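Novice: Let me give you the structure first, and then I'll get to my questions.
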Amino acid sequence: MIEPTVTMPPKRVRRPPPLRSVRPPRDAVRFPVLAVVFVCAACGLVYELELVALASYLIGDSVTQASVVLSVMVFAMGVGSLLAKRLRCRAAVGFGLVEAGLALIGGCSAMVLYAAFAWLGESRYVLVAFSLAIGVLIGAEIPLLMSLIQRGRAAGATRSGRAGRQASLGEEDDAAGTVADLFAADYVGALVGGLAFPFLLLPWLGQLTGALVTGAVNAVAGGGLVLWVFRRDLTRHSRSLLVAVNVGVLAVLATATVLVDDFEQAARRAVYGERVRVAVHTELQEVVVTGGRGEPPDLFLDGRLRVSGRDEYRYHEALVHPAMNGPHARVLIVGGGDGLAAREVLRYAGVRSVTVVELDPGVVRLARTDPALAALNAQAFRDPRVHVVYADAFRWLRGAADHPQERYDVVISDLPDPGITPSTKLYSEEFYGLVARVLDDSGRFAVHAGSVTDRPRTYWTVDATLRAAGFATRPYSASGRTPGFAAGPDRADRTSGTERGPEDWGFLLAVRGDRPPALGLAPDAPRLRSLGPGTLESAARRAERTRGAEPPPSTLVHPRYGA
């Protein structure tokens, strides 16, 4: 018997939906991470520039201090990247602690560095220690963030099974893009931090407060990222630890910010003594005037003794009056914002005009308005013959040299010691070449060249540079410098106890040509307290005794005043 065939209707087969890549929510992590990298990079560069600026101010020689800070910090960043490997298993809490430590150390670095100089008299070792610590912490940031991102993606791939495995292939391909994003945010943040430091933080907050505020921003950004975006990677104990550490760091930074003015005043008294009369920060430097009531003032520029009221007349008489032995109707003073060189020039009745080229208007403003300084310079800036130009002397001379009417009978270079890096270009062969173009054929050029006995190589380098620029020179010196604080390029040369600082100033009198000028005083010279018959001859002999092998001249591209 044949059984009938029963045809069943075909069953509808439901096809599975196409596989989709299941990825972790990238934008929820990516943008906060890049934003924090941007902020932390800006803070890191601010710490770096803060150390360079403060070390240059406290120690001197900005080129050396910048080289030390940058080289040590870059080396330490490599060390930090290697040390970050040990924290990969606990990358979230590690990153949070790194940022808290960076905020605390970087934020307090300026105050500690200033305190070490003020009370211990030495800050070089502190500078190196902070450069190392900050560099190690900065170097650990990117490796720890990469570990967090990779662990998050790996966890997402594991939870999503096959789809996750397919997604992980795409994530591996995107690893290079993630690294590019992180470093792009890092570099752009460094750019913003580098521009914010000189244009926002320094003029608005100053060095100490600016570092503290930067530390607070760093702590909030780093702690917020870990406690918000990567909170699932934290245990309850780790979360409590990070909260406590960040609150403690912010409390320390806030307390230091409240006390920063009192700290700065105490540190300033430790550096300058109890007789601080005026302390102002101009756009270019710190200007401090010390001295009690009825005492001659002392003027410090960026912590270096520029004018000692008790014996400044020795310096200014020796600088100005030998150059006035000849025509002196038109006089140019390069520097001299304190008005003291102009005071000596104005003692000659034959002077018709005095042009003072000063970079910092704040110094001239103080010399005009401070009663003690104004009395010391005999109100020189009120004389109608004096014209003040606020400009960089090098740039101004380049413009003046192109105008034949800008010719001077006397040019006086009243500048800081040539070992101070910002003034090095004003002791270069190129600068002296510009002076030669504005100096009359019979004119004289007087140059302050630093201490003859304390820095003879620097002094004779100035002499060699003048001669390379076409001048014939006559060296001489003047004795009398208040001991106890360096007037040279290095603030760390402060002396104490029975030690004494440099006790002379070195000068060079120069004329165009190959015949050295005669040392002497003009027939109409006023009565002087420090220069008398035979004084200049003995001063010349004293300087000549220090002459050694002739050093090479200094130029813009090869400055030679560092030794």
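Labeling convention for the structure tokens: chains A, B, ... as they appear, residues from 1 per chain, ligands from 1 in order of appearance.
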Find the spatial neighbours of Ala372 of chain A, counting only C-alpha atoms, within a cut-off of 10 Å - ignore same-chain residues fewer than 2 positions away - and output them as a ChimeraX atom specification.
Specialist: /A:277,289-298,309,366-370,374-378
Novice: Can you write just those residues out, N, CA, C and O atoms, as a PDB file, in the first residue's frame?
Specialist:
ATOM      1  N   ARG A 277      62.269  99.840  50.996  1.00  0.00           N
ATOM      2  CA  ARG A 277      61.398 101.011  50.913  1.00  0.00           C
ATOM      3  C   ARG A 277      60.367 100.855  49.801  1.00  0.00           C
ATOM      4  O   ARG A 277      59.198 101.193  49.969  1.00  0.00           O
ATOM      5  N   VAL A 289      64.019  99.238  46.027  1.00  0.00           N
ATOM      6  CA  VAL A 289      64.805 100.332  46.589  1.00  0.00           C
ATOM      7  C   VAL A 289      64.866 100.116  48.092  1.00  0.00           C
ATOM      8  O   VAL A 289      63.840  99.946  48.746  1.00  0.00           O
ATOM      9  N   THR A 290      66.071 100.123  48.640  1.00  0.00           N
ATOM     10  CA  THR A 290      66.260  99.944  50.081  1.00  0.00           C
ATOM     11  C   THR A 290      66.939 101.177  50.659  1.00  0.00           C
ATOM     12  O   THR A 290      67.533 101.975  49.944  1.00  0.00           O
ATOM     13  N   GLY A 291      66.852 101.284  51.966  1.00  0.00           N
ATOM     14  CA  GLY A 291      67.496 102.407  52.656  1.00  0.00           C
ATOM     15  C   GLY A 291      66.553 103.012  53.677  1.00  0.00           C
ATOM     16  O   GLY A 291      65.343 103.145  53.421  1.00  0.00           O
ATOM     17  N   GLY A 292      67.096 103.388  54.821  1.00  0.00           N
ATOM     18  CA  GLY A 292      66.291 104.011  55.853  1.00  0.00           C
ATOM     19  C   GLY A 292      66.071 105.484  55.594  1.00  0.00           C
ATOM     20  O   GLY A 292      66.586 106.073  54.635  1.00  0.00           O
ATOM     21  N   ARG A 293      65.288 106.108  56.469  1.00  0.00           N
ATOM     22  CA  ARG A 293      64.985 107.527  56.339  1.00  0.00           C
ATOM     23  C   ARG A 293      66.282 108.342  56.498  1.00  0.00           C
ATOM     24  O   ARG A 293      67.029 108.173  57.457  1.00  0.00           O
ATOM     25  N   GLY A 294      66.516 109.219  55.552  1.00  0.00           N
ATOM     26  CA  GLY A 294      67.708 110.050  55.594  1.00  0.00           C
ATOM     27  C   GLY A 294      68.959 109.369  55.090  1.00  0.00           C
ATOM     28  O   GLY A 294      70.030 109.990  55.048  1.00  0.00           O
ATOM     29  N   GLU A 295      68.883 108.073  54.671  1.00  0.00           N
ATOM     30  CA  GLU A 295      70.034 107.360  54.151  1.00  0.00           C
ATOM     31  C   GLU A 295      69.993 107.334  52.638  1.00  0.00           C
ATOM     32  O   GLU A 295      68.910 107.338  52.034  1.00  0.00           O
ATOM     33  N   PRO A 296      71.151 107.297  51.971  1.00  0.00           N
ATOM     34  CA  PRO A 296      71.145 107.173  50.508  1.00  0.00           C
ATOM     35  C   PRO A 296      70.568 105.822  50.098  1.00  0.00           C
ATOM     36  O   PRO A 296      70.847 104.797  50.746  1.00  0.00           O
ATOM     37  N   PRO A 297      69.772 105.760  49.067  1.00  0.00           N
ATOM     38  CA  PRO A 297      69.094 104.513  48.693  1.00  0.00           C
ATOM     39  C   PRO A 297      70.020 103.577  47.922  1.00  0.00           C
ATOM     40  O   PRO A 297      70.995 103.998  47.283  1.00  0.00           O
ATOM     41  N   ASP A 298      69.686 102.304  47.967  1.00  0.00           N
ATOM     42  CA  ASP A 298      70.300 101.289  47.113  1.00  0.00           C
ATOM     43  C   ASP A 298      69.233 100.796  46.148  1.00  0.00           C
ATOM     44  O   ASP A 298      68.086 100.549  46.546  1.00  0.00           O
ATOM     45  N   GLY A 309      73.865 103.775  46.975  1.00  0.00           N
ATOM     46  CA  GLY A 309      73.795 105.209  47.216  1.00  0.00           C
ATOM     47  C   GLY A 309      74.999 105.776  47.931  1.00  0.00           C
ATOM     48  O   GLY A 309      75.312 106.961  47.789  1.00  0.00           O
ATOM     49  N   LEU A 366      60.246 105.410  38.461  1.00  0.00           N
ATOM     50  CA  LEU A 366      60.648 105.393  39.864  1.00  0.00           C
ATOM     51  C   LEU A 366      61.725 106.437  40.140  1.00  0.00           C
ATOM     52  O   LEU A 366      61.705 107.097  41.189  1.00  0.00           O
ATOM     53  N   ALA A 367      62.661 106.610  39.207  1.00  0.00           N
ATOM     54  CA  ALA A 367      63.714 107.616  39.391  1.00  0.00           C
ATOM     55  C   ALA A 367      63.149 109.032  39.387  1.00  0.00           C
ATOM     56  O   ALA A 367      63.734 109.935  39.987  1.00  0.00           O
ATOM     57  N   ARG A 368      62.023 109.227  38.743  1.00  0.00           N
ATOM     58  CA  ARG A 368      61.374 110.548  38.743  1.00  0.00           C
ATOM     59  C   ARG A 368      60.594 110.807  40.023  1.00  0.00           C
ATOM     60  O   ARG A 368      60.598 111.929  40.544  1.00  0.00           O
ATOM     61  N   THR A 369      59.917 109.765  40.528  1.00  0.00           N
ATOM     62  CA  THR A 369      58.914 109.978  41.568  1.00  0.00           C
ATOM     63  C   THR A 369      59.368 109.609  42.968  1.00  0.00           C
ATOM     64  O   THR A 369      58.851 110.160  43.941  1.00  0.00           O
ATOM     65  N   ASP A 370      60.291 108.659  43.115  1.00  0.00           N
ATOM     66  CA  ASP A 370      60.745 108.287  44.449  1.00  0.00           C
ATOM     67  C   ASP A 370      61.593 109.412  45.025  1.00  0.00           C
ATOM     68  O   ASP A 370      62.583 109.836  44.408  1.00  0.00           O
ATOM     69  N   ALA A 374      65.085 110.494  43.330  1.00  0.00           N
ATOM     70  CA  ALA A 374      65.057 111.792  42.655  1.00  0.00           C
ATOM     71  C   ALA A 374      66.072 112.751  43.264  1.00  0.00           C
ATOM     72  O   ALA A 374      66.709 113.546  42.555  1.00  0.00           O
ATOM     73  N   ALA A 375      66.236 112.690  44.587  1.00  0.00           N
ATOM     74  CA  ALA A 375      67.251 113.539  45.221  1.00  0.00           C
ATOM     75  C   ALA A 375      68.654 113.095  44.836  1.00  0.00           C
ATOM     76  O   ALA A 375      69.556 113.916  44.639  1.00  0.00           O
ATOM     77  N   LEU A 376      68.838 111.779  44.701  1.00  0.00           N
ATOM     78  CA  LEU A 376      70.163 111.262  44.355  1.00  0.00           C
ATOM     79  C   LEU A 376      70.556 111.665  42.937  1.00  0.00           C
ATOM     80  O   LEU A 376      71.726 111.976  42.683  1.00  0.00           O
ATOM     81  N   ASN A 377      69.596 111.647  42.007  1.00  0.00           N
ATOM     82  CA  ASN A 377      69.942 112.023  40.635  1.00  0.00           C
ATOM     83  C   ASN A 377      69.735 113.506  40.352  1.00  0.00           C
ATOM     84  O   ASN A 377      69.809 113.945  39.197  1.00  0.00           O
ATOM     85  N   ALA A 378      69.510 114.286  41.421  1.00  0.00           N
ATOM     86  CA  ALA A 378      69.383 115.747  41.304  1.00  0.00           C
ATOM     87  C   ALA A 378      68.290 116.148  40.321  1.00  0.00           C
ATOM     88  O   ALA A 378      68.438 117.130  39.585  1.00  0.00           O
TER      89      ALA A 378
END
Novice: Tell me, counting only C-alpha atoms, for each residue of segment 31-127 of chain A within 9 Å of segment 248-262 of chain A, which pair of atoms is nearest and how far apart they are in Å to one decimal, in rows ordered by chain and increasing number, as a Markdown table.
Specialist:
| residue | atom | partner | partner_atom | distance |
| --- | --- | --- | --- | --- |
| A:Ala100 | CA | A:Val249 | CA | 6.7 |
| A:Gly101 | CA | A:Val249 | CA | 8.1 |
| A:Ala103 | CA | A:Val249 | CA | 7.4 |
| A:Leu104 | CA | A:Val249 | CA | 5.9 |
| A:Gly107 | CA | A:Leu253 | CA | 7.1 |
| A:Cys108 | CA | A:Leu253 | CA | 7.5 |
| A:Met111 | CA | A:Val260 | CA | 8.3 |
Novice: Could the residues in this selection be saved with N, CA, C and O atoms as a short mmCIF file (atom, residue, chain, number, x, y, z; two decimals), in the first residue's frame?
Specialist:
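Everything below was put into part_35.cif:
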data_model
loop_
_atom_site.label_atom_id
_atom_site.label_comp_id
_atom_site.auth_asym_id
_atom_site.auth_seq_id
_atom_site.Cartn_x
_atom_site.Cartn_y
_atom_site.Cartn_z
N ALA A 100 48.02 64.38 40.90
CA ALA A 100 48.00 65.06 42.19
C ALA A 100 49.41 65.45 42.63
O ALA A 100 49.65 66.57 43.11
N GLY A 101 50.36 64.52 42.45
CA GLY A 101 51.74 64.85 42.79
C GLY A 101 52.31 65.95 41.92
O GLY A 101 53.03 66.84 42.39
N ALA A 103 50.60 68.34 40.44
CA ALA A 103 49.97 69.60 40.85
C ALA A 103 50.63 70.17 42.10
O ALA A 103 50.88 71.38 42.20
N LEU A 104 50.90 69.30 43.08
CA LEU A 104 51.50 69.77 44.33
C LEU A 104 52.94 70.24 44.11
O LEU A 104 53.32 71.35 44.54
N GLY A 107 53.03 73.22 41.50
CA GLY A 107 52.42 74.43 42.03
C GLY A 107 53.27 75.09 43.10
O GLY A 107 53.33 76.32 43.20
N CYS A 108 53.94 74.29 43.92
CA CYS A 108 54.75 74.84 45.01
C CYS A 108 56.20 75.07 44.62
O CYS A 108 57.00 75.55 45.45
N MET A 111 57.59 78.77 45.01
CA MET A 111 57.76 79.21 46.40
C MET A 111 58.95 78.53 47.07
O MET A 111 59.73 79.18 47.78
#
Novice: I'd like the neighbourhood of Asp414 of chain A as a count of residues only, where a residue qualifies if any of its atoms comes within 12 Å (using only C-alpha atoms), though same-chain residues fewer than 3 positions away should be ignored.
Specialist: 39
Novice: Give me the residues within 12 Å of Gly548 of chain A as a PyMOL selection string, counting only C-alpha atoms and dropping any in the same chain fewer than 3 places off.
Specialist: chain A and resi 452+456-461+463-464+543-545+551
Novice: Can you tell me which residues surround segment 49-54 of chain A at a distance of at most 7 Å, considering only C-alpha atoms, apart from same-chain residues fewer than 6 positions away, and format the answer as number ranges by chain?
Specialist: A: 65-66, 69, 110, 207
Novice: Would you please work out which residue, of A:Thr465, A:Ala510, A:Asn218, A:Val243, is nearest to Leu556 of chain A when using only C-alpha atoms?
Specialist: A:Thr465
Novice: Among segment 40-129 of chain A, which residues carry a DSSP assignment of alpha helix (DSSP H), reported as a ChimeraX atom specification?
Specialist: /A:40-58,62-83,91-115,124-129
Novice: Which residue is closest to Ala329 of chain A? Choose from A:Asp409, A:Asp392, A:Asp514, A:Glu122 and count only C-alpha atoms.
Specialist: A:Asp409
Novice: Have a look at A:Val410, A:Ala401, A:Leu87, A:Val229 and name the one nearest to Leu434 of chain A; count only C-alpha atoms.
Specialist: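 Closest candidate: A:Ala401.
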Novice: For atom CA of Ser428 of chain A and atom CA of Ser554 of chain A, determine how far apart the two atoms are, in Å to one decimal place.
Specialist: 5.2 Å
Novice: So, with only C-alpha atoms as the atoms that count, which of A:Gly135, A:Gly399, A:Gly303, A:Gly80 lies closest to Ala55 of chain A?
Specialist: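 Nearest to Ala55 of chain A: A:Gly303.
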Novice: Nearest residue to Cys40 of chain A out of A:Pro143, A:Gly189, A:Gly326, A:Gly443, using only C-alpha atoms?
Specialist: A:Gly189
Novice: Write down as a VMD selection string the residues belonging to segment 228-470 of chain A that are assigned strand (DSSP E or B) by DSSP computed on the backbone.
Specialist: chain A and resid 276 to 281 286 to 290 298 to 301 304 to 308 330 to 335 353 to 358 386 to 390 408 to 414 439 to 448
Novice: Give me, please, the distance in Å between atom CA of Phe95 of chain A and atom CA of Leu225 of chain A, quoted to one decimal.
Specialist: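 Atom-to-atom, atom CA of Phe95 of chain A to atom CA of Leu225 of chain A, that is 9.4 Å.
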Novice: A:Phe263, A:Phe38, A:Tyr114, A:Tyr57: which is nearest Phe300 of chain A, counting only C-alpha atoms?
Specialist: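 Smallest distance to Phe300 of chain A is found for A:Tyr57.
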Novice: Would you mind listing, for every residue of segment 16-120 of chain A within 10 Å of segment 233-238 of chain A, the two atoms forming the shortest contact and the distance between them in Å to one decimal, using only C-alpha atoms, sorted by chain and ascending residue number, as CSV?
Specialist:
residue,atom,partner,partner_atom,distance
A:Arg90,CA,A:Asp233,CA,8.3
A:Ala91,CA,A:Asp233,CA,8.5
A:Ala92,CA,A:Asp233,CA,6.3
A:Val93,CA,A:Ser238,CA,6.4
A:Gly94,CA,A:Ser238,CA,9.7
A:Gly96,CA,A:Ser238,CA,9.7
Novice: Please report the interatomic distance between atom CA of His321 of chain A and atom CA of Phe381 of chain A in Å with one decimal.
Specialist: 19.1 Å
Novice: Compile the contact shell of Val37 of chain A as an NGL selection string: residues with an atom at most 12 Å away, counting only C-alpha atoms, same-chain residues fewer than 5 positions apart removed.
Specialist: :A and (30-32 or 42-44 or 95 or 99 or 138 or 141-146 or 179 or 181-190 or 218 or 221-222 or 225)
Novice: Within 9 Å of Tyr408 of chain A, counting only C-alpha atoms, which residues show up once you throw out same-chain ones fewer than 5 positions away? Write them as a PyMOL selection string, please.
Specialist: chain A and resi 328-332+438-440+443-444
